[in-house]
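Worksheet for the structure shown next.
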Amino acid sequence: ESKTYPYADGQTPPLQLQNRASSTQLLSEMVNARVDGALIVQPINHGFDHSYVAAAIAASPSIFKGMMLHDPRMSPDDAVARLEELLLLGFVGVRFNPYLFDRPMSERNGGGLAVYRTCGKLNLPVGIMCFKGLDKHYADILRLIAASPETTLILDHFAFTNLSDIGDELFNLLLTLAEYPQVHVKISASFRITGSTGDPFPYKLVKTQRFDPLLQKFGADRLLFGTDFPFVLEQEGGYGGITKLVEGWASVLGEKERRALMGGTAERLFGKWGLFRLAKIG
C-alpha cells in the first residue's frame with residue numbers, strides 16, 4: 001500500500017508494522033474482537049496527505065470514520081476550507097498535534113483557532129495529543145476552551161499522564177479539566193502510560209490509578225475506549241486483548257455507563273457505526 005500511498009518524508013513506520021498497519025488488518029482485528037466501527041486518526045506517517053484514510057472510509061463507509069490532522073502551516077481560511085473538504089469525505093473530527101505548531105494552538109488569528117471555532121459550529125470534536133506532557137499545553141488548552149466553549153475537546157491516551165510522581169501531578173491537572181463539560185478523555189494506549197512502574201498487561205495500576213479516578217470525575221459519558229491500532233498489535237494481548245480488558249473494567253458499571261464507555265460516547269460525538277451490537281472507537 002505504501003507504493004500507492006507513500007509515507008511522508010522521515011515518517012516511515014517500523015518495519016515490523018509496515019505490513020500490519022493497514023485498513024485490511026484493522027478490519028480483521030475488528031471482526032475477531034466484534035468491534036462495530038473505528039475512528040481512524042490520520043497517521044503522522046502520511047503527513048497531511050489524507051488520501052489513504054479517505055480511501056479506507058470510501059471502501060467501508062459504515063465501518064470507518066476519519067479524524068483529520070490539522071496543518072498549522074495553513075492560513076485560517078485555507079485551514080477551514082480543508083476541514084470542510086475532508087468533512088465531505090467522511091472525516092468527523094480534527095487532530096491537533098501541538099508539536100507541529102510553531103506557535104500556540106490558540107494563537108489569535110491563527111489557523112488552529114479558526115479550525116477549533118469552526119469545529120464548534122459544525123459539532124466536530126477536536127482531539128489533542130499531549131505526548132510530551134499535559135503541563136506543556138494546559139494553558140493553551142484553557143485558552144482554546146475559553147475561545148470556543150461549544151467545541152468538544154478530546155484528550156488522547158489518558159492525556160499521557162504516566163504512572164510516576166510527575167505523572168501523578170499531570171493527572172491532577174487532567175482532573176481539573178473535568179469542570180469543563182466539553183472535555184473528554186480517551187481510554188486508550190494503556191501501555192504508553194505505565195511509566196516507572198512497568199505496569200504490565202492487564203494494567204492493574206492503570207485501572208486503579210488512572211481509569212477509576214477518571215470514571216469518577218468525568219463519568220462514562222465523557223470517556224471513550226480506544227485501541228491505539230496498529231501499535232497495540234506489538235503489545236501483550238493485542239487488539240482483542242485490550243478490547244476485552246476494558247470491557248472487563250466496564251463490567252461493574254450499569255448498562256448505560258458500560259455502553260457509553262465502549263461506544264456510546266463515541267457514537268454521540270462522531271455518529272453511528274453498525275455491524276455488531278456495540279460500536280467502539282479504534
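Residue numbers start at 1 in each chain; chains themselves are named A, B, ... in the order of the C-alpha cells; ligands are numbered from 1 in the order shown.
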Cut-off 7 Å: closest region 8-32 of chain A/region 43-50 of chain A atom pairs per residue, using only C-alpha atoms, as JSON lines:
{"residue": "A:Ala8", "atom": "CA", "partner": "A:His46", "partner_atom": "CA", "distance": 5.0}
{"residue": "A:Gln11", "atom": "CA", "partner": "A:Asn45", "partner_atom": "CA", "distance": 4.6}
{"residue": "A:Thr12", "atom": "CA", "partner": "A:Asn45", "partner_atom": "CA", "distance": 6.0}
{"residue": "A:Pro13", "atom": "CA", "partner": "A:Asn45", "partner_atom": "CA", "distance": 6.6}
Emit the selected residues as a compact mmCIF listing (two decimals), in the first residue's frame, including N, CA, C and O atoms.
# COMPACT_ATOMS: atom_id res chain seq x y z
N ALA A 8 5.19 10.04 4.33
CA ALA A 8 5.80 11.36 4.34
C ALA A 8 7.30 11.23 4.63
O ALA A 8 7.75 10.24 5.22
N GLN A 11 8.94 9.69 7.90
CA GLN A 11 7.86 9.14 8.71
C GLN A 11 7.55 7.67 8.37
O GLN A 11 6.45 7.21 8.63
N THR A 12 8.51 6.96 7.83
CA THR A 12 8.30 5.55 7.54
C THR A 12 8.15 4.78 8.85
O THR A 12 8.98 4.92 9.75
N PRO A 13 7.08 4.00 9.02
CA PRO A 13 6.87 3.28 10.28
C PRO A 13 7.87 2.15 10.44
O PRO A 13 8.54 1.74 9.48
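Within 9 Å of His157 (chain A), once only C-alpha atoms are used and residues closer than 6 positions along the same chain are dropped, the contacting residues are Met129, Cys130, Phe131, Val185, Lys186, Ile187, Ser188, Ala189, Ser190, Arg192, Ile193, Gly226 and Asp228 of chain A.
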Skip Gly90 (chain A) itself and residues of its chain fewer than 5 positions away, then list as JSON, numbers by chain all residues within 12 Å of it, counting only C-alpha atoms.
{"A": [39, 40, 41, 50, 51, 53, 54, 55, 56, 57, 58, 59, 60, 61, 62, 63, 64, 65, 66, 67, 68, 83, 84, 85, 124, 270, 271]}
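Residue nearest Ser196 (chain A) within the list A:Ile166, A:Ala21, A:Met105, A:Ala260: A:Ile166 [criterion: smallest interatomic distance, only C-alpha atoms].
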Could you please write out, as number ranges by chain, every residue of region 126-233 of chain A that DSSP assigns to strand (DSSP E)?
A: 126-128, 153-155, 183-187, 223-225
For the residues selected in the previous step, produce a file with C-alpha atoms as a JSON list (two decimals), in the first residue's frame.
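Okay, result_7.json is ready:
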[["chain", "number", "residue", "atom", "x", "y", "z"],
["A", 126, "VAL", "CA", -11.01, 18.20, 18.28],
["A", 127, "GLY", "CA", -8.53, 15.68, 19.67],
["A", 128, "ILE", "CA", -5.25, 16.80, 21.20],
["A", 153, "LEU", "CA", -12.26, 18.53, 23.10],
["A", 154, "ILE", "CA", -10.81, 15.03, 23.45],
["A", 155, "LEU", "CA", -7.50, 14.30, 25.18],
["A", 183, "VAL", "CA", -13.66, 17.94, 27.70],
["A", 184, "HIS", "CA", -13.48, 14.17, 27.12],
["A", 185, "VAL", "CA", -10.70, 11.63, 27.68],
["A", 186, "LYS", "CA", -9.79, 8.68, 25.50],
["A", 187, "ILE", "CA", -9.16, 5.46, 27.43],
["A", 223, "LEU", "CA", -14.75, 8.69, 28.35],
["A", 224, "LEU", "CA", -14.07, 6.87, 25.07],
["A", 225, "PHE", "CA", -12.44, 3.50, 24.63]]
Ser148 (chain A) surroundings by only C-alpha atoms, 10 Å radius, close-in-sequence under 2 positions cut, as a PyMOL selection string:
chain A and resi 113-114+116-121+143-146+150-152
Env of Pro72 (chain A): 8 Å cut, atoms = only C-alpha atoms, seq-sep filter 4 positions within chain, self excluded. Answer as an MDAnalysis selection string.
chainID A and resid 79 100:102 111:112
Produce a file of the selected residues containing N, CA and C atoms, as a PDB file, in the first residue's frame.
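Once written, part_0.pdb looks like this:
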ATOM      1  N   ALA A  79      -7.203  26.604   6.081  1.00  0.00           N
ATOM      2  CA  ALA A  79      -7.373  25.518   7.045  1.00  0.00           C
ATOM      3  C   ALA A  79      -8.847  25.161   7.206  1.00  0.00           C
ATOM      4  N   LEU A 100       3.484  20.059  15.997  1.00  0.00           N
ATOM      5  CA  LEU A 100       3.585  20.531  14.621  1.00  0.00           C
ATOM      6  C   LEU A 100       3.384  22.042  14.531  1.00  0.00           C
ATOM      7  N   PHE A 101       2.975  22.640  15.642  1.00  0.00           N
ATOM      8  CA  PHE A 101       2.731  24.080  15.689  1.00  0.00           C
ATOM      9  C   PHE A 101       4.018  24.823  16.067  1.00  0.00           C
ATOM     10  N   ASP A 102       4.308  25.912  15.364  1.00  0.00           N
ATOM     11  CA  ASP A 102       5.410  26.784  15.758  1.00  0.00           C
ATOM     12  C   ASP A 102       4.993  27.736  16.869  1.00  0.00           C
ATOM     13  N   GLY A 111      -4.559  29.676  12.270  1.00  0.00           N
ATOM     14  CA  GLY A 111      -5.389  28.657  11.643  1.00  0.00           C
ATOM     15  C   GLY A 111      -5.949  27.667  12.643  1.00  0.00           C
ATOM     16  N   GLY A 112      -5.185  27.361  13.690  1.00  0.00           N
ATOM     17  CA  GLY A 112      -5.653  26.421  14.691  1.00  0.00           C
ATOM     18  C   GLY A 112      -6.917  26.909  15.387  1.00  0.00           C
TER      19      GLY A 112
END
Please return as a ChimeraX atom specification: the residues of region 14-171 of chain A that backbone DSSP assigns to helix (DSSP H, G or I).
/A:15-18,23-33,44-46,51-59,76-87,98-100,111-122,134-136,138-147,157-160,165-171
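The residue that comes closest to Ala266 (chain A), out of A:Leu253, A:Leu163, A:Leu177, A:Ala220 and on the basis of only C-alpha atoms, is A:Ala220.
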Residues at most 12 Å from Leu245 (chain A), counting only C-alpha atoms, excluding those fewer than 4 positions away in the same chain, as a PDB file with N, CA and C atoms, in the first residue's frame?
ATOM      1  N   ALA A  33     -12.629  -9.198  17.250  1.00  0.00           N
ATOM      2  CA  ALA A  33     -12.959  -8.628  18.561  1.00  0.00           C
ATOM      3  C   ALA A  33     -14.408  -8.167  18.645  1.00  0.00           C
ATOM      4  N   ILE A 187      -9.733   6.560  26.654  1.00  0.00           N
ATOM      5  CA  ILE A 187      -9.162   5.458  27.427  1.00  0.00           C
ATOM      6  C   ILE A 187      -8.472   4.525  26.440  1.00  0.00           C
ATOM      7  N   SER A 188      -7.244   4.853  26.151  1.00  0.00           N
ATOM      8  CA  SER A 188      -6.525   4.152  25.083  1.00  0.00           C
ATOM      9  C   SER A 188      -5.037   4.133  25.379  1.00  0.00           C
ATOM     10  N   SER A 190      -2.997   2.131  27.053  1.00  0.00           N
ATOM     11  CA  SER A 190      -2.558   1.957  28.445  1.00  0.00           C
ATOM     12  C   SER A 190      -1.064   1.666  28.530  1.00  0.00           C
ATOM     13  N   PHE A 201       0.516  -5.700  31.167  1.00  0.00           N
ATOM     14  CA  PHE A 201      -0.826  -6.181  30.866  1.00  0.00           C
ATOM     15  C   PHE A 201      -1.189  -7.213  31.929  1.00  0.00           C
ATOM     16  N   PRO A 202      -2.333  -7.111  32.592  1.00  0.00           N
ATOM     17  CA  PRO A 202      -3.542  -6.338  32.286  1.00  0.00           C
ATOM     18  C   PRO A 202      -3.656  -4.962  32.945  1.00  0.00           C
ATOM     19  N   TYR A 203      -2.561  -4.287  33.169  1.00  0.00           N
ATOM     20  CA  TYR A 203      -2.551  -2.878  33.568  1.00  0.00           C
ATOM     21  C   TYR A 203      -3.411  -2.603  34.802  1.00  0.00           C
ATOM     22  N   LYS A 204      -3.127  -3.348  35.858  1.00  0.00           N
ATOM     23  CA  LYS A 204      -3.921  -3.186  37.087  1.00  0.00           C
ATOM     24  C   LYS A 204      -3.746  -1.800  37.693  1.00  0.00           C
ATOM     25  N   VAL A 206      -2.875   0.967  36.025  1.00  0.00           N
ATOM     26  CA  VAL A 206      -3.550   1.925  35.144  1.00  0.00           C
ATOM     27  C   VAL A 206      -5.032   1.990  35.489  1.00  0.00           C
ATOM     28  N   LYS A 207      -5.613   0.837  35.755  1.00  0.00           N
ATOM     29  CA  LYS A 207      -7.035   0.824  36.099  1.00  0.00           C
ATOM     30  C   LYS A 207      -7.302   1.568  37.403  1.00  0.00           C
ATOM     31  N   PHE A 225     -13.407   4.575  24.793  1.00  0.00           N
ATOM     32  CA  PHE A 225     -12.438   3.499  24.635  1.00  0.00           C
ATOM     33  C   PHE A 225     -11.749   3.595  23.282  1.00  0.00           C
ATOM     34  N   GLY A 226     -10.456   3.335  23.268  1.00  0.00           N
ATOM     35  CA  GLY A 226      -9.691   3.282  22.024  1.00  0.00           C
ATOM     36  C   GLY A 226      -8.618   2.217  22.117  1.00  0.00           C
ATOM     37  N   THR A 227      -8.121   1.753  20.975  1.00  0.00           N
ATOM     38  CA  THR A 227      -7.156   0.654  20.966  1.00  0.00           C
ATOM     39  C   THR A 227      -5.726   1.092  20.678  1.00  0.00           C
ATOM     40  N   GLU A 236       1.321  -7.065  24.549  1.00  0.00           N
ATOM     41  CA  GLU A 236       0.673  -8.265  25.051  1.00  0.00           C
ATOM     42  C   GLU A 236      -0.848  -8.086  25.016  1.00  0.00           C
ATOM     43  N   GLY A 237      -1.529  -9.084  24.538  1.00  0.00           N
ATOM     44  CA  GLY A 237      -2.978  -9.020  24.431  1.00  0.00           C
ATOM     45  C   GLY A 237      -3.453  -8.547  23.087  1.00  0.00           C
ATOM     46  N   GLY A 238      -2.681  -7.659  22.452  1.00  0.00           N
ATOM     47  CA  GLY A 238      -3.050  -7.161  21.142  1.00  0.00           C
ATOM     48  C   GLY A 238      -4.368  -6.407  21.134  1.00  0.00           C
ATOM     49  N   TYR A 239      -4.953  -6.300  19.963  1.00  0.00           N
ATOM     50  CA  TYR A 239      -6.199  -5.557  19.765  1.00  0.00           C
ATOM     51  C   TYR A 239      -7.353  -6.197  20.541  1.00  0.00           C
ATOM     52  N   GLY A 240      -7.523  -7.503  20.367  1.00  0.00           N
ATOM     53  CA  GLY A 240      -8.610  -8.181  21.048  1.00  0.00           C
ATOM     54  C   GLY A 240      -8.440  -8.191  22.553  1.00  0.00           C
ATOM     55  N   GLY A 241      -7.192  -8.316  22.999  1.00  0.00           N
ATOM     56  CA  GLY A 241      -6.936  -8.360  24.427  1.00  0.00           C
ATOM     57  C   GLY A 241      -7.280  -7.064  25.139  1.00  0.00           C
ATOM     58  N   TRP A 249     -13.218  -3.953  32.671  1.00  0.00           N
ATOM     59  CA  TRP A 249     -13.267  -2.797  33.574  1.00  0.00           C
ATOM     60  C   TRP A 249     -14.681  -2.225  33.636  1.00  0.00           C
ATOM     61  N   ALA A 250     -15.349  -2.250  32.497  1.00  0.00           N
ATOM     62  CA  ALA A 250     -16.690  -1.655  32.414  1.00  0.00           C
ATOM     63  C   ALA A 250     -17.788  -2.581  32.924  1.00  0.00           C
ATOM     64  N   SER A 251     -17.446  -3.844  33.169  1.00  0.00           N
ATOM     65  CA  SER A 251     -18.481  -4.820  33.512  1.00  0.00           C
ATOM     66  C   SER A 251     -19.149  -4.526  34.848  1.00  0.00           C
ATOM     67  N   MET A 262     -17.891   1.977  26.058  1.00  0.00           N
ATOM     68  CA  MET A 262     -17.475   1.083  24.987  1.00  0.00           C
ATOM     69  C   MET A 262     -18.021   1.463  23.615  1.00  0.00           C
TER      70      MET A 262
END
Which residues are close to Ser164 (chain A), i.e. within 10 Å by only C-alpha atoms, leaving aside same-chain residues fewer than 5 positions away? Reply as a ChimeraX atom specification.
/A:169-171,193-197
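Residue nearest His137 (chain A), chosen from A:Ile242, A:Leu88, A:Leu174, A:Leu17 and counting only C-alpha atoms: A:Leu174.
Taking CA of Asp165 (chain A) as the reference point, CA of Gly219 (chain A) is found at 24.6 Å.
Pairwise distance (CA of Val94 (chain A), CA of Lys244 (chain A)) equals 27.7 Å.
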